[in-house]
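Student: Attaching a single structure in structure tokens format; questions to follow.
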Amino acid sequence: MFTRRSLLESSSLGFGMLALNALHAQWAGAARPSMINPLAPRQPHFTPKAKRVIFMYMAGGPTHLDTFDFKPELKKQDGNNRLLGPVYDFKPSGKSGIMISEVFPELSKHADDLCLLNGMKTNNPGHQQATVALHIGSEMFVRPSMGAWVVYGLGSEAEDLPGFVTIDPIQDQGGAMNYGSAFLPATFQGTRLGTGSSGVPNLSGSLSESAQRKQLDFIQKANRRLLEKQPSHPEIEGIIQSYEMAAKMQTSVPAVLDLDGEPDSIRSLYGLDDSTTERFGTQCLMARRMAEKGVRFIQLTSNGWDHHNNLRDALGGRAASIDKPIAGLIADLKQRDMLKDTLIVWGGEFGRGTHGDNDVRNGRGHNAKGFSMWMCGGGVKGGMRYGSTDELGGEAAEGIMGTHDLHATILHLLGLDHERLTFKYAGRAFRLTDVAGEVHEKIIA
């Protein structure tokens, strides 16, 4: 069981580091964030559909051909020229009748809330390159992550929590770069949390609460004196705010992550009473609690989707671990009237190939040319299948959505114009979508 104690045990990174990292923030003439409080809520460019994002990253590249992209012709051609038909059956789901694999029996009950993006593509079939591109918009350079850009543009509605949180992130394939702030001020980077022994890093110190307060007051007094002497350096105010935020988190974070107080019905809804679903269910319930408190961008991670072999059993196991928790999250957000302004994004770095991998008929290789993701809530049309791959499912053919398009569309749903959300660095105005990106208006309700 993931108890409150296990959630709160520390590891190598900590909330106190937010304040220390702020010492290295390079504001570089940024105009949008308030220098008094860089995480203060800010007005979007236009009326948003969504207030927050829950991004569910499936590390390894889930197979679209066995989950959300039904290809009758591939099934018909199974065995011809090494083609591998879907290893699970599909069926029409919901009133909309969109086709979803039987591997997701609980999620398919929410088919009318899902917008399947069947025309996804990315540039590189390598795990690290595709993973980094999905998270930061570039496969070659260190850039701010999507979550950092969102919080930079909108701030946060959480007064005593970070604006961007990542739960159980992968430590390879780019690691901390996937939730980093790069040249954006460090205030906007993701704060790493864990569901297991990693818990909340460095949450508590050796000092008593009163002694720590005295120490903080002493440091802040010195900081304010420095600010009076150097008013042309407003980043000092950001440092002051970061220290105060770190202090607030020592009280607020344990309260938000204490799942023991949730009723049995909610714990069961998310699958916390089952070892198969407990870990991802914990992530999903943590996400709902943080969303309620105003956290702007919450990222969840499920590992183990790289299925070169043992496809049917391995996919079945991975799907079972997330199926009930995601369905529970959607249902819970609905009953709290939060789904309408919470954008859920699900997907991995790429998809899988149409042929058996290495002449073996129990797995699929990497495929960057066509795959599936889905969105839910947050102003997206539900019960919709948008875009498609070719007849066999190997390459995106219609409604093609590249990585920059995906990012542009997510920002648009949040009320941000991806071409206007920029940060001047090294003499150039950078943005999440570089010099590309198209908003796919057809999926917006």
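All residue names refer to the structure tokens as shown: chains lettered A, B, ... in order, residues numbered from 1 in each chain, ligands numbered from 1 in order.
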What lies within 9 Å of region 168-171 of chain A using only C-alpha atoms, ignoring chain neighbours under 3 positions off, as a list in words?

Tutor: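 Once the adjacent positions are removed, what remains is Tyr57, Ala59, Gly174, Gly175, Ala176, Asn178, Tyr179, Arg192, Leu193, Gly194, Thr195, Gly196, Ser198, Gln283, Gln299, Leu300, Thr301, Ser302 and Asn303 of chain A.
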
Student: Keeping only C-alpha atoms, write the selected residues to a file as a short mmCIF file (atom, residue, chain, number, x, y, z; two decimals), in the first residue's frame.

Tutor:
data_model
loop_
_atom_site.label_atom_id
_atom_site.label_comp_id
_atom_site.auth_asym_id
_atom_site.auth_seq_id
_atom_site.Cartn_x
_atom_site.Cartn_y
_atom_site.Cartn_z
CA TYR A 57 2.77 9.86 -20.66
CA ALA A 59 6.80 5.62 -21.82
CA GLY A 174 16.07 12.78 -21.39
CA GLY A 175 15.38 12.53 -17.66
CA ALA A 176 14.94 15.88 -15.93
CA ASN A 178 11.53 16.46 -19.89
CA TYR A 179 10.21 18.59 -17.04
CA ARG A 192 9.16 15.84 -9.08
CA LEU A 193 6.94 13.76 -6.80
CA GLY A 194 6.78 10.00 -6.28
CA THR A 195 4.16 7.45 -5.32
CA GLY A 196 6.62 5.09 -3.67
CA SER A 198 10.85 8.52 -3.38
CA GLN A 283 -0.97 9.01 -9.49
CA GLN A 299 2.19 14.98 -15.56
CA LEU A 300 1.74 11.27 -14.85
CA THR A 301 3.96 8.49 -16.20
CA SER A 302 3.37 4.80 -16.87
CA ASN A 303 6.43 2.77 -17.87
#

Student: So that I can see what lies close to Ile322 (chain A), please list as an MDAnalysis selection string the residues with an atom at most 8 Å from it, counting only C-alpha atoms and leaving out residues fewer than 6 positions away in the same chain.

Tutor: chainID A and resid 277 280:281 302

Student: With only C-alpha atoms as the counted atoms, please give the residues lying no more than 6 Å from region 436-440 of chain A, apart from itself and same-chain residues fewer than 2 positions off, as number ranges by chain.

Tutor: A: 404-405, 408-409, 433-434, 442

Student: Output C-alpha atoms of each residue in that selection to a file, as a short mmCIF file (atom, residue, chain, number, x, y, z; two decimals), in the first residue's frame.

Tutor:
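Saved to selection-v3.cif:
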data_model
loop_
_atom_site.label_atom_id
_atom_site.label_comp_id
_atom_site.auth_asym_id
_atom_site.auth_seq_id
_atom_site.Cartn_x
_atom_site.Cartn_y
_atom_site.Cartn_z
CA HIS A 404 4.38 21.12 -32.88
CA ASP A 405 0.71 20.85 -33.90
CA ALA A 408 -0.01 24.46 -30.47
CA THR A 409 -3.44 22.87 -29.97
CA THR A 433 6.57 25.30 -31.21
CA ASP A 434 9.81 26.74 -32.66
CA LYS A 442 -11.72 20.62 -35.81
#

Student: Name the residues in contact with Glu73 (chain A) at a cut-off of 12 Å, using only C-alpha atoms, excluding same-chain residues fewer than 6 positions from it; report them as a PyMOL selection string.

Tutor: chain A and resi 65+79-80+83-86+354+389-394

Student: Return the single residue from A:Asp260, A:Val380, A:Leu116, A:Pro41 that is closest to Phe70 (chain A), with distances computed using only C-alpha atoms.

Tutor: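 Smallest separation from Phe70 (chain A) among the options: A:Leu116.
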
Student: I need the residues of region 7-216 of chain A that end up classed as helix (DSSP H, G or I) by DSSP on the backbone, written out as a PyMOL selection string.

Tutor: chain A and resi 7-8+16-22+64-66+72-76+80-82+107-113+127-136+146-154+175-179+186-188+209-216

Student: Determine, counting only C-alpha atoms, which protein, DNA and RNA residues have an atom within 8 Å of an atom of Lys121 (chain A); residues of the same chain fewer than 2 positions away are not included. Present the result as a list in words.

Tutor: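 Contacts, with the query itself left out: Gly119, Asn123, Phe350, Ala368, Lys369, Gly370, Phe371, Glu395, Ala396, Ile400, Met401, Gly402 and Thr403 of chain A.
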
Student: I need the chosen residues saved as a compact mmCIF listing (two decimals), in the first residue's frame, with C-alpha atoms.

Tutor:
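part.txt, written as the output of this step:
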# COMPACT_ATOMS: atom_id res chain seq x y z
CA GLY A 119 -3.14 10.84 -37.35
CA ASN A 123 10.21 12.79 -36.73
CA PHE A 350 5.49 7.11 -31.02
CA ALA A 368 7.17 7.31 -35.86
CA LYS A 369 5.21 7.81 -39.09
CA GLY A 370 1.77 7.13 -37.66
CA PHE A 371 0.28 6.48 -34.22
CA GLU A 395 1.62 6.02 -41.75
CA ALA A 396 -0.51 9.06 -40.88
CA ILE A 400 -1.93 14.62 -39.59
CA MET A 401 -0.81 16.10 -36.27
CA GLY A 402 2.90 16.52 -35.65
CA THR A 403 4.49 17.35 -32.31

Student: Need the shell around region 327-332 of chain A: protein/DNA/RNA residues with any atom at most 9 Å away, counting only C-alpha atoms. Skip same-chain ones fewer than 3 positions apart. Format as a ChimeraX atom specification?

Tutor: /A:106-110,113,266,268-271,281,284-285,287-288,322-324,335-339,344,376-377
